[in-house]
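Structure below is run_29.txt: compact mmCIF, C-alpha atoms and all ligand atoms.
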# COMPACT_ATOMS: atom_id res chain seq x y z
CA MET A 1 92.74 98.22 90.18
CA ALA A 2 96.50 98.07 89.99
CA GLY A 3 96.40 94.28 90.24
CA THR A 4 94.69 94.05 86.87
CA HIS A 5 96.99 96.24 84.85
CA THR A 6 99.68 94.67 82.73
CA PRO A 7 103.07 96.35 82.73
CA ALA A 8 104.18 96.74 79.13
CA ALA A 9 107.44 97.55 77.41
CA ALA A 10 110.55 98.90 79.10
CA THR A 11 110.35 102.61 79.89
CA LEU A 12 113.71 103.08 81.47
CA GLU A 13 116.69 100.79 81.08
CA VAL A 14 119.98 100.60 82.86
CA ARG A 15 122.39 98.73 80.61
CA GLU A 16 125.52 97.17 82.09
CA ALA A 17 126.14 100.30 84.16
CA SER A 18 129.02 100.68 86.54
CA LYS A 19 129.91 103.64 88.70
CA VAL A 20 133.33 104.14 90.20
CA PHE A 21 134.00 107.05 92.53
CA PRO A 22 137.72 107.86 92.33
CA LEU A 23 137.88 109.06 95.94
CA GLY A 24 135.91 106.69 98.11
CA ARG A 25 134.26 108.25 101.13
CA ALA A 26 133.44 104.79 102.48
CA ASN A 27 136.93 103.46 103.20
CA GLY A 28 138.45 106.75 104.34
CA HIS A 29 141.73 105.93 102.53
CA GLY A 30 140.93 107.75 99.35
CA ASN A 31 140.80 104.53 97.29
CA ALA A 32 138.38 104.21 94.43
CA VAL A 33 134.95 102.81 95.32
CA THR A 34 133.00 100.70 92.87
CA ALA A 35 129.49 101.78 93.89
CA LEU A 36 127.91 99.82 91.04
CA SER A 37 129.24 97.02 88.90
CA GLY A 38 127.74 95.66 85.64
CA THR A 39 124.17 96.52 86.60
CA SER A 40 121.26 96.05 84.21
CA ILE A 41 117.62 96.79 85.03
CA GLU A 42 114.57 97.14 82.80
CA VAL A 43 111.81 99.25 84.27
CA ARG A 44 108.48 98.46 82.60
CA ASP A 45 105.73 100.91 81.77
CA ASN A 46 103.34 101.49 84.70
CA GLU A 47 104.98 99.05 87.04
CA PHE A 48 105.88 99.60 90.67
CA LEU A 49 109.48 98.45 90.96
CA SER A 50 111.38 98.48 94.24
CA ILE A 51 115.10 98.24 94.82
CA VAL A 52 116.23 96.72 98.12
CA GLY A 53 119.63 95.94 99.58
CA PRO A 54 121.93 96.83 102.45
CA SER A 55 123.30 100.31 103.04
CA GLY A 56 126.06 101.11 100.60
CA CYS A 57 124.98 98.66 97.84
CA GLY A 58 124.51 101.50 95.37
CA LYS A 59 120.74 102.08 95.48
CA SER A 60 120.98 105.88 95.60
CA THR A 61 123.76 105.87 93.02
CA LEU A 62 121.55 103.82 90.71
CA LEU A 63 118.62 106.19 91.18
CA ARG A 64 120.81 109.23 90.50
CA LEU A 65 121.94 107.61 87.24
CA MET A 66 118.31 106.92 86.30
CA ALA A 67 117.44 110.54 87.04
CA GLY A 68 120.28 111.85 84.88
CA LEU A 69 121.82 113.57 87.93
CA ASP A 70 125.01 111.60 87.41
CA ARG A 71 126.56 109.57 84.56
CA PRO A 72 127.68 105.95 84.72
CA THR A 73 131.42 105.25 84.44
CA THR A 74 130.61 102.54 81.90
CA GLY A 75 127.30 101.43 80.39
CA GLN A 76 124.22 103.55 79.76
CA VAL A 77 120.82 104.61 81.02
CA VAL A 78 118.17 104.75 78.31
CA TYR A 79 114.72 106.32 78.57
CA ARG A 80 112.31 105.41 75.76
CA GLY A 81 115.20 104.65 73.43
CA GLN A 82 117.21 107.81 74.23
CA ALA A 83 120.34 107.98 76.39
CA VAL A 84 119.71 109.86 79.66
CA GLN A 85 122.42 112.51 79.95
CA ARG A 86 120.80 115.05 82.27
CA PRO A 87 117.64 115.49 84.34
CA THR A 88 114.41 115.70 82.35
CA GLY A 89 110.85 116.61 83.30
CA ARG A 90 109.76 113.12 82.20
CA ILE A 91 111.56 111.57 85.18
CA GLY A 92 110.62 112.98 88.61
CA LEU A 93 112.43 112.46 91.90
CA VAL A 94 111.31 112.35 95.52
CA PHE A 95 113.90 112.20 98.32
CA GLN A 96 113.67 111.30 101.98
CA ASP A 97 114.30 114.85 103.19
CA TYR A 98 111.27 116.31 101.34
CA SER A 99 113.40 119.15 99.88
CA LEU A 100 110.60 121.69 100.29
CA LEU A 101 111.54 125.36 100.47
CA PRO A 102 110.77 126.52 104.03
CA TRP A 103 109.83 130.08 103.08
CA ARG A 104 107.24 129.05 100.51
CA THR A 105 103.70 127.89 101.26
CA LEU A 106 102.75 124.38 100.13
CA LEU A 107 100.97 125.71 97.10
CA ARG A 108 103.97 127.85 96.14
CA ASN A 109 106.32 124.91 96.69
CA ILE A 110 104.30 122.80 94.30
CA GLU A 111 104.13 125.60 91.77
CA LEU A 112 107.90 125.83 91.67
CA GLY A 113 108.61 123.07 89.15
CA LEU A 114 105.76 124.26 86.96
CA GLU A 115 107.12 127.81 86.92
CA PHE A 116 110.39 126.45 85.50
CA GLN A 117 108.40 124.85 82.70
CA GLY A 118 107.12 128.27 81.63
CA LEU A 119 103.43 127.36 81.85
CA PRO A 120 100.77 130.11 81.99
CA ARG A 121 100.07 131.40 85.52
CA ASP A 122 96.52 130.03 85.84
CA GLU A 123 97.55 126.62 84.59
CA VAL A 124 100.37 126.54 87.14
CA ARG A 125 97.90 127.31 89.93
CA ALA A 126 95.26 124.87 88.70
CA ARG A 127 97.71 121.98 88.38
CA ALA A 128 99.31 122.68 91.76
CA GLN A 129 95.89 122.73 93.42
CA GLU A 130 94.86 119.52 91.72
CA CYS A 131 98.01 117.75 92.95
CA LEU A 132 97.50 119.01 96.51
CA GLU A 133 93.99 117.58 96.36
CA LEU A 134 95.32 114.28 95.06
CA VAL A 135 97.52 113.88 98.15
CA GLY A 136 94.80 115.14 100.52
CA LEU A 137 96.43 118.45 101.41
CA ALA A 138 94.15 120.95 99.69
CA GLN A 139 93.15 122.62 102.95
CA PHE A 140 96.82 123.17 103.87
CA LYS A 141 97.79 125.00 100.71
CA ASP A 142 98.68 128.20 102.59
CA ALA A 143 100.65 126.46 105.34
CA HIS A 144 104.45 126.50 105.43
CA PRO A 145 106.39 123.21 105.62
CA PHE A 146 107.40 123.72 109.29
CA GLU A 147 103.70 123.75 110.27
CA LEU A 148 103.19 120.22 108.95
CA SER A 149 103.97 116.70 110.17
CA GLY A 150 106.61 114.56 108.44
CA GLY A 151 103.93 112.54 106.62
CA MET A 152 102.26 115.69 105.32
CA ARG A 153 105.57 117.10 104.14
CA GLN A 154 106.32 113.89 102.30
CA ARG A 155 102.87 114.02 100.67
CA ALA A 156 103.62 117.58 99.59
CA ALA A 157 106.94 116.44 98.10
CA ILE A 158 105.10 113.73 96.16
CA ALA A 159 102.55 116.31 94.95
CA ARG A 160 105.38 118.53 93.78
CA ALA A 161 107.02 115.71 91.83
CA LEU A 162 103.67 114.73 90.25
CA ALA A 163 102.74 118.29 89.27
CA VAL A 164 105.19 118.35 86.38
CA GLN A 165 103.50 115.16 85.10
CA PRO A 166 106.52 112.89 84.84
CA ASP A 167 106.20 109.45 83.25
CA VAL A 168 108.46 107.90 85.82
CA LEU A 169 108.66 108.72 89.50
CA LEU A 170 111.91 107.81 91.22
CA MET A 171 111.67 107.68 95.01
CA ASP A 172 114.73 107.40 97.26
CA GLU A 173 113.78 106.06 100.72
CA PRO A 174 110.87 108.51 100.79
CA PHE A 175 109.42 107.14 104.03
CA GLY A 176 112.72 106.48 105.79
CA ALA A 177 112.35 109.43 108.17
CA LEU A 178 108.76 108.70 109.19
CA ASP A 179 107.55 106.94 112.33
CA ALA A 180 106.29 103.37 111.85
CA HIS A 181 102.59 104.23 111.91
CA THR A 182 102.85 107.16 109.48
CA ARG A 183 105.02 105.01 107.25
CA LEU A 184 102.29 102.37 106.91
CA LEU A 185 99.70 105.05 106.15
CA MET A 186 101.94 106.62 103.53
CA GLN A 187 102.47 103.26 101.85
CA ARG A 188 98.71 102.93 101.41
CA GLU A 189 98.38 106.49 100.19
CA LEU A 190 101.17 106.09 97.70
CA LEU A 191 99.46 103.01 96.26
CA ALA A 192 96.20 104.93 95.98
CA ILE A 193 97.98 107.72 94.09
CA TRP A 194 99.79 105.22 91.90
CA GLU A 195 96.51 103.53 91.02
CA LYS A 196 94.89 106.86 90.13
CA ARG A 197 97.79 108.22 88.11
CA ARG A 198 99.28 105.00 86.72
CA LYS A 199 102.86 106.20 86.88
CA THR A 200 105.89 104.05 86.54
CA VAL A 201 107.47 104.08 90.00
CA VAL A 202 111.01 103.09 91.00
CA PHE A 203 111.16 102.96 94.77
CA VAL A 204 114.35 102.56 96.80
CA THR A 205 113.97 101.21 100.30
CA HIS A 206 115.90 99.09 102.72
CA SER A 207 112.65 97.80 104.19
CA ILE A 208 111.91 94.42 102.62
CA ASP A 209 108.43 94.49 104.13
CA GLU A 210 107.74 97.82 102.41
CA ALA A 211 109.00 96.51 99.08
CA VAL A 212 106.81 93.38 99.28
CA TYR A 213 103.77 95.45 100.26
CA LEU A 214 104.15 97.93 97.40
CA SER A 215 105.80 96.34 94.39
CA ASP A 216 105.08 94.43 91.21
CA ARG A 217 108.75 93.45 91.10
CA ILE A 218 111.67 93.72 93.49
CA VAL A 219 115.31 94.16 92.51
CA VAL A 220 117.59 92.73 95.20
CA MET A 221 121.11 94.14 95.42
CA GLU A 222 124.24 93.30 97.37
CA LYS A 223 127.32 95.38 98.07
CA ASP A 224 131.10 95.40 97.54
CA PRO A 225 130.65 95.89 94.70
CA GLY A 226 127.04 97.03 94.37
CA ARG A 227 125.23 94.73 91.97
CA VAL A 228 121.88 93.10 91.26
CA ILE A 229 121.59 89.56 92.62
CA SER A 230 117.97 88.87 91.77
CA VAL A 231 114.78 90.35 90.31
CA LEU A 232 111.61 88.87 91.80
CA ASP A 233 108.00 89.05 90.65
CA VAL A 234 105.58 89.77 93.49
CA GLU A 235 102.52 87.71 92.65
CA LEU A 236 100.50 88.65 95.73
CA PRO A 237 97.01 89.96 94.91
CA ARG A 238 96.16 93.62 95.60
CA PRO A 239 95.06 95.12 97.90
CA ARG A 240 97.73 93.32 99.90
CA THR A 241 97.65 92.16 103.45
CA ARG A 242 100.60 91.17 105.58
CA LYS A 243 98.45 88.35 106.95
CA ASN A 244 98.78 86.44 103.69
CA PRO A 245 101.29 83.63 104.39
CA ASP A 246 102.87 84.22 100.96
CA PHE A 247 103.70 87.75 102.11
CA GLY A 248 105.85 86.35 104.93
CA ARG A 249 107.34 83.69 102.68
CA LEU A 250 108.52 86.19 100.09
CA THR A 251 109.93 88.44 102.81
CA GLU A 252 111.87 85.44 104.18
CA THR A 253 113.19 84.54 100.73
CA ILE A 254 114.60 88.03 100.28
CA LEU A 255 116.06 88.09 103.79
CA GLU A 256 117.84 84.83 103.01
CA MET A 257 119.22 86.25 99.77
CA LEU A 258 120.64 89.14 101.75
CA LYS A 259 121.96 86.71 104.41
CA TYR A 260 120.39 88.59 107.31
P1 LIG B 301 122.95 103.02 99.16
O1 LIG B 301 122.02 104.04 98.60
O2 LIG B 301 122.60 101.61 98.78
O3 LIG B 301 123.17 103.15 100.63
P2 LIG B 301 125.00 104.54 97.78
O4 LIG B 301 124.61 104.55 96.35
O5 LIG B 301 124.70 105.77 98.58
O6 LIG B 301 124.40 103.25 98.49
O7 LIG B 301 126.57 104.28 97.89
C1 LIG B 301 127.23 103.15 97.29
C2 LIG B 301 128.73 103.25 97.57
O8 LIG B 301 129.28 104.35 96.85
C3 LIG B 301 129.08 103.52 99.03
O9 LIG B 301 130.27 102.85 99.32
C4 LIG B 301 129.26 105.01 99.08
O10 LIG B 301 130.10 105.38 100.14
C5 LIG B 301 129.87 105.30 97.72
N1 LIG B 301 129.55 106.64 97.22
C6 LIG B 301 128.30 107.08 96.89
N2 LIG B 301 128.34 108.36 96.43
C7 LIG B 301 129.67 108.71 96.46
C8 LIG B 301 130.40 109.90 96.09
N3 LIG B 301 129.77 110.97 95.59
N4 LIG B 301 131.73 109.90 96.27
C9 LIG B 301 132.38 108.82 96.75
N5 LIG B 301 131.77 107.67 97.11
C10 LIG B 301 130.44 107.61 96.96

Written as structure tokens, how would this file's structure read?
Amino acid sequence: MAGTHTPAAATLEVREASKVFPLGRANGHGNAVTALSGTSIEVRDNEFLSIVGPSGCGKSTLLRLMAGLDRPTTGQVVYRGQAVQRPTGRIGLVFQDYSLLPWRTLLRNIELGLEFQGLPRDEVRARAQECLELVGLAQFKDAHPFELSGGMRQRAAIARALAVQPDVLLMDEPFGALDAHTRLLMQRELLAIWEKRRKTVVFVTHSIDEAVYLSDRIVVMEKDPGRVISVLDVELPRPRTRKNPDFGRLTETILEMLKY
């Protein structure tokens, strides 16, 4: 049970990071945009950490820094004591748009990352199949992405990220494009996968409800400039139910912080 595990030491740390984009696309005047200002976050081993905040508060920027896809203007990102300078197989990423290759079958999509790692052919196949099974898509291994629903594509994207066996899974609004019903199902499935695989997950969402349902801790951000205003422990027992009055109370607290 996830509720019984104890998150341990910091896996991934953002230390006093700022990110300034010299040409802001937000204001249209070409002025610099401070997407992130003096932001520090400690992600603990095995925890499910969500980041919430309004559009433009720097959530995606923060995730890109954590993934090594971009570098902070000041400050650092540190993974197990080492500065993150570029993407590594230890830190996997899942985006909202699935990023599956349309001409490859599901199995071949999942094999892709493993091929880059130079693993033997049969190990590539075995691991890809195992991950498809984990997300309940084994019988669709020969289907192409366009033949699948949004929820199935997102499960395939999760399988692909897991196949390379990262320590940390970074997820950027992964369920943002799904209808409400599929989104709720995917939340449950993601928790089931997380409990089986015990990954450290950093999950960006602008749904406060989703963050409260999924997370051990929630980082609340505000914008102009993007910065952390609070980090909350979610003490609700798992499996969670939205009927628990504390669920609603915590959601309200976060809404108030964000002045909705
Ligand atoms: P969120 O994910 O919370 O919506 P983002 O991290 O996407 O926020 O963006 C934070 C701010 O930084 C926004 O004002 C956005 O317009 C700006 N920004 C993000 N990426 C770039 C970029 N590559 N160039 C210029 N401005 C950017």

Counting all atoms listed in the file, which residues in chain A sit no more than 10 Å from ligand LIG 301 (chain B)? For each one, give the nearest pair of atoms and the distance in Å, sorted by chain then residue number, as JSON lines.
{"residue": "A:Lys19", "atom": "CA", "partner": "B:LIG301", "partner_atom": "O8", "distance": 8.2}
{"residue": "A:Val20", "atom": "CA", "partner": "B:LIG301", "partner_atom": "O8", "distance": 7.8}
{"residue": "A:Phe21", "atom": "CA", "partner": "B:LIG301", "partner_atom": "C9", "distance": 4.9}
{"residue": "A:Pro22", "atom": "CA", "partner": "B:LIG301", "partner_atom": "C9", "distance": 7.0}
{"residue": "A:Leu23", "atom": "CA", "partner": "B:LIG301", "partner_atom": "C9", "distance": 5.6}
{"residue": "A:Gly24", "atom": "CA", "partner": "B:LIG301", "partner_atom": "C9", "distance": 4.3}
{"residue": "A:Arg25", "atom": "CA", "partner": "B:LIG301", "partner_atom": "N5", "distance": 4.8}
{"residue": "A:Ala26", "atom": "CA", "partner": "B:LIG301", "partner_atom": "O10", "distance": 4.1}
{"residue": "A:Asn27", "atom": "CA", "partner": "B:LIG301", "partner_atom": "O10", "distance": 7.7}
{"residue": "A:Gly28", "atom": "CA", "partner": "B:LIG301", "partner_atom": "O10", "distance": 9.4}
{"residue": "A:Gly30", "atom": "CA", "partner": "B:LIG301", "partner_atom": "C9", "distance": 9.0}
{"residue": "A:Asn31", "atom": "CA", "partner": "B:LIG301", "partner_atom": "C9", "distance": 9.5}
{"residue": "A:Ala32", "atom": "CA", "partner": "B:LIG301", "partner_atom": "C9", "distance": 7.9}
{"residue": "A:Val33", "atom": "CA", "partner": "B:LIG301", "partner_atom": "O8", "distance": 6.1}
{"residue": "A:Thr34", "atom": "CA", "partner": "B:LIG301", "partner_atom": "O8", "distance": 6.6}
{"residue": "A:Ala35", "atom": "CA", "partner": "B:LIG301", "partner_atom": "O8", "distance": 3.9}
{"residue": "A:Leu36", "atom": "CA", "partner": "B:LIG301", "partner_atom": "C1", "distance": 7.1}
{"residue": "A:Ile51", "atom": "CA", "partner": "B:LIG301", "partner_atom": "O2", "distance": 9.1}
{"residue": "A:Val52", "atom": "CA", "partner": "B:LIG301", "partner_atom": "O2", "distance": 8.1}
{"residue": "A:Gly53", "atom": "CA", "partner": "B:LIG301", "partner_atom": "O2", "distance": 6.5}
{"residue": "A:Pro54", "atom": "CA", "partner": "B:LIG301", "partner_atom": "O2", "distance": 6.1}
{"residue": "A:Ser55", "atom": "CA", "partner": "B:LIG301", "partner_atom": "O3", "distance": 3.7}
{"residue": "A:Gly56", "atom": "CA", "partner": "B:LIG301", "partner_atom": "O6", "distance": 3.4}
{"residue": "A:Cys57", "atom": "CA", "partner": "B:LIG301", "partner_atom": "O2", "distance": 3.9}
{"residue": "A:Gly58", "atom": "CA", "partner": "B:LIG301", "partner_atom": "O4", "distance": 3.2}
{"residue": "A:Lys59", "atom": "CA", "partner": "B:LIG301", "partner_atom": "O2", "distance": 3.8}
{"residue": "A:Ser60", "atom": "CA", "partner": "B:LIG301", "partner_atom": "O1", "distance": 3.7}
{"residue": "A:Thr61", "atom": "CA", "partner": "B:LIG301", "partner_atom": "O4", "distance": 3.7}
{"residue": "A:Leu62", "atom": "CA", "partner": "B:LIG301", "partner_atom": "O4", "distance": 6.5}
{"residue": "A:Leu63", "atom": "CA", "partner": "B:LIG301", "partner_atom": "O4", "distance": 8.1}
{"residue": "A:Arg64", "atom": "CA", "partner": "B:LIG301", "partner_atom": "O4", "distance": 8.4}
{"residue": "A:Leu65", "atom": "CA", "partner": "B:LIG301", "partner_atom": "O4", "distance": 10.0}
{"residue": "A:Asp70", "atom": "CA", "partner": "B:LIG301", "partner_atom": "N3", "distance": 9.5}
{"residue": "A:Asp172", "atom": "CA", "partner": "B:LIG301", "partner_atom": "O1", "distance": 8.1}
{"residue": "A:Glu173", "atom": "CA", "partner": "B:LIG301", "partner_atom": "O1", "distance": 8.7}
{"residue": "A:Val204", "atom": "CA", "partner": "B:LIG301", "partner_atom": "O1", "distance": 8.0}
{"residue": "A:Thr205", "atom": "CA", "partner": "B:LIG301", "partner_atom": "O1", "distance": 8.7}
{"residue": "A:His206", "atom": "CA", "partner": "B:LIG301", "partner_atom": "O2", "distance": 8.2}
{"residue": "A:Met221", "atom": "CA", "partner": "B:LIG301", "partner_atom": "O2", "distance": 8.3}
{"residue": "A:Glu222", "atom": "CA", "partner": "B:LIG301", "partner_atom": "O2", "distance": 8.6}
{"residue": "A:Lys223", "atom": "CA", "partner": "B:LIG301", "partner_atom": "C1", "distance": 7.8}
{"residue": "A:Asp224", "atom": "CA", "partner": "B:LIG301", "partner_atom": "O9", "distance": 7.7}
{"residue": "A:Pro225", "atom": "CA", "partner": "B:LIG301", "partner_atom": "C2", "distance": 8.1}
{"residue": "A:Gly226", "atom": "CA", "partner": "B:LIG301", "partner_atom": "C1", "distance": 6.8}

Could the residues in this selection be saved with C-alpha atoms as a tab-separated table (two decimals), in the coordinates of the input?
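Ended up saving to selection30.tsv:
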chain	number	residue	atom	x	y	z
A	19	LYS	CA	129.91	103.64	88.70
A	20	VAL	CA	133.33	104.14	90.20
A	21	PHE	CA	134.00	107.05	92.53
A	22	PRO	CA	137.72	107.86	92.33
A	23	LEU	CA	137.88	109.06	95.94
A	24	GLY	CA	135.91	106.69	98.11
A	25	ARG	CA	134.26	108.25	101.13
A	26	ALA	CA	133.44	104.79	102.48
A	27	ASN	CA	136.93	103.46	103.20
A	28	GLY	CA	138.45	106.75	104.34
A	30	GLY	CA	140.93	107.75	99.35
A	31	ASN	CA	140.80	104.53	97.29
A	32	ALA	CA	138.38	104.21	94.43
A	33	VAL	CA	134.95	102.81	95.32
A	34	THR	CA	133.00	100.70	92.87
A	35	ALA	CA	129.49	101.78	93.89
A	36	LEU	CA	127.91	99.82	91.04
A	51	ILE	CA	115.10	98.24	94.82
A	52	VAL	CA	116.23	96.72	98.12
A	53	GLY	CA	119.63	95.94	99.58
A	54	PRO	CA	121.93	96.83	102.45
A	55	SER	CA	123.30	100.31	103.04
A	56	GLY	CA	126.06	101.11	100.60
A	57	CYS	CA	124.98	98.66	97.84
A	58	GLY	CA	124.51	101.50	95.37
A	59	LYS	CA	120.74	102.08	95.48
A	60	SER	CA	120.98	105.88	95.60
A	61	THR	CA	123.76	105.87	93.02
A	62	LEU	CA	121.55	103.82	90.71
A	63	LEU	CA	118.62	106.19	91.18
A	64	ARG	CA	120.81	109.23	90.50
A	65	LEU	CA	121.94	107.61	87.24
A	70	ASP	CA	125.01	111.60	87.41
A	172	ASP	CA	114.73	107.40	97.26
A	173	GLU	CA	113.78	106.06	100.72
A	204	VAL	CA	114.35	102.56	96.80
A	205	THR	CA	113.97	101.21	100.30
A	206	HIS	CA	115.90	99.09	102.72
A	221	MET	CA	121.11	94.14	95.42
A	222	GLU	CA	124.24	93.30	97.37
A	223	LYS	CA	127.32	95.38	98.07
A	224	ASP	CA	131.10	95.40	97.54
A	225	PRO	CA	130.65	95.89	94.70
A	226	GLY	CA	127.04	97.03	94.37

Mind running stretch 44-140 of chain A against stretch 194-201 of chain A at 12 Å and telling me each contacting residue's nearest atom pair with the distance in Å (one decimal), counting all atoms listed in the file, chain and number ascending, as JSON lines?
{"residue": "A:Arg44", "atom": "CA", "partner": "A:Thr200", "partner_atom": "CA", "distance": 7.3}
{"residue": "A:Asp45", "atom": "CA", "partner": "A:Thr200", "partner_atom": "CA", "distance": 5.7}
{"residue": "A:Asn46", "atom": "CA", "partner": "A:Thr200", "partner_atom": "CA", "distance": 4.1}
{"residue": "A:Glu47", "atom": "CA", "partner": "A:Thr200", "partner_atom": "CA", "distance": 5.1}
{"residue": "A:Phe48", "atom": "CA", "partner": "A:Val201", "partner_atom": "CA", "distance": 4.8}
{"residue": "A:Leu49", "atom": "CA", "partner": "A:Val201", "partner_atom": "CA", "distance": 6.1}
{"residue": "A:Ser50", "atom": "CA", "partner": "A:Val201", "partner_atom": "CA", "distance": 8.0}
{"residue": "A:Ile51", "atom": "CA", "partner": "A:Val201", "partner_atom": "CA", "distance": 10.7}
{"residue": "A:Leu63", "atom": "CA", "partner": "A:Val201", "partner_atom": "CA", "distance": 11.4}
{"residue": "A:Met66", "atom": "CA", "partner": "A:Val201", "partner_atom": "CA", "distance": 11.8}
{"residue": "A:Arg90", "atom": "CA", "partner": "A:Thr200", "partner_atom": "CA", "distance": 10.8}
{"residue": "A:Ile91", "atom": "CA", "partner": "A:Thr200", "partner_atom": "CA", "distance": 9.5}
{"residue": "A:Gly92", "atom": "CA", "partner": "A:Val201", "partner_atom": "CA", "distance": 9.5}
{"residue": "A:Leu93", "atom": "CA", "partner": "A:Val201", "partner_atom": "CA", "distance": 9.9}
{"residue": "A:Val94", "atom": "CA", "partner": "A:Val201", "partner_atom": "CA", "distance": 10.7}
{"residue": "A:Cys131", "atom": "CA", "partner": "A:Arg197", "partner_atom": "CA", "distance": 10.7}
{"residue": "A:Leu134", "atom": "CA", "partner": "A:Lys196", "partner_atom": "CA", "distance": 8.9}
{"residue": "A:Val135", "atom": "CA", "partner": "A:Trp194", "partner_atom": "CA", "distance": 10.9}

Worksheet item: Between A:Gly113, A:Arg15, A:Leu250, A:Asn244, which has the minimum distance to A:Ile218 (counting only C-alpha atoms)?
Response: A:Leu250

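Coordinates place atom CA of A:Arg160 at a distance of 9.0 Å from atom CA of A:Leu106.
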
Practice prompt. Name all residues at most 10 Å from A:Val212 (count all atoms listed in the file; drop same-chain ones fewer than 2 positions away) and give them as an MDAnalysis selection string.
Written response: chainID A and resid 50 207:210 214:218 232:236 240 242 247:248 250:251 254

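Applying the 10 Å criterion to (115.9, 115.7, 105.9) in file coordinates and using all atoms listed in the file, one obtains the residues Phe95, Gln96, Asp97, Tyr98, Ser99, Leu100, Gly150, Gly176 and Ala177 of chain A.
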
Fill in: Residues within 7 Å of A:Ala159, all atoms listed in the file, excluding chain neighbours under 2 positions, as a ChimeraX atom specification
/A:110,131-132,135,155-157,161-163

Fill in: Among the residues A:Val168, A:Leu178, A:Leu107, A:Leu184, the one that comes closest to A:Ala211 [using all atoms listed in the file]
A:Leu184

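Pairwise distance (atom CA of A:Ala67, atom CA of A:Gln165) equals 14.8 Å.
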
Discussion item. For a test of reading the model, state the distance in Å between atom CA of A:Gly75 and atom CA of A:Glu256, rounded to one decimal.
Written reply: 29.6 Å

Would you place a box with edges along x, y and z of the file around all atoms of stretch 171-183 of chain A listed there, add 3 Å to each of its six sides, and report the centre and edge lengths in Å to one decimal, as lines of an AutoDock Vina configuration file?
center_x = 108.7
center_y = 106.4
center_z = 103.7
size_x = 18.1
size_y = 12.1
size_z = 23.3

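Of the listed residues A:Gln154, A:Gln139, A:Ser230, A:Thr253, the one whose atoms come nearest to A:Ser40 is A:Ser230, with distances taken using all atoms listed in the file.
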
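Neighbouring residues of A:Val78 at 6 Å or closer, counting all atoms listed in the file and skipping chain neighbours under 5 positions away, are Leu12, Glu13, Ala83 and Val84 of chain A.
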
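You can rank A:Pro239, A:Ser149, A:Arg108, A:Asp179 by their closest distance to A:Ala192 using only C-alpha atoms, and at the top of that list sits A:Pro239.
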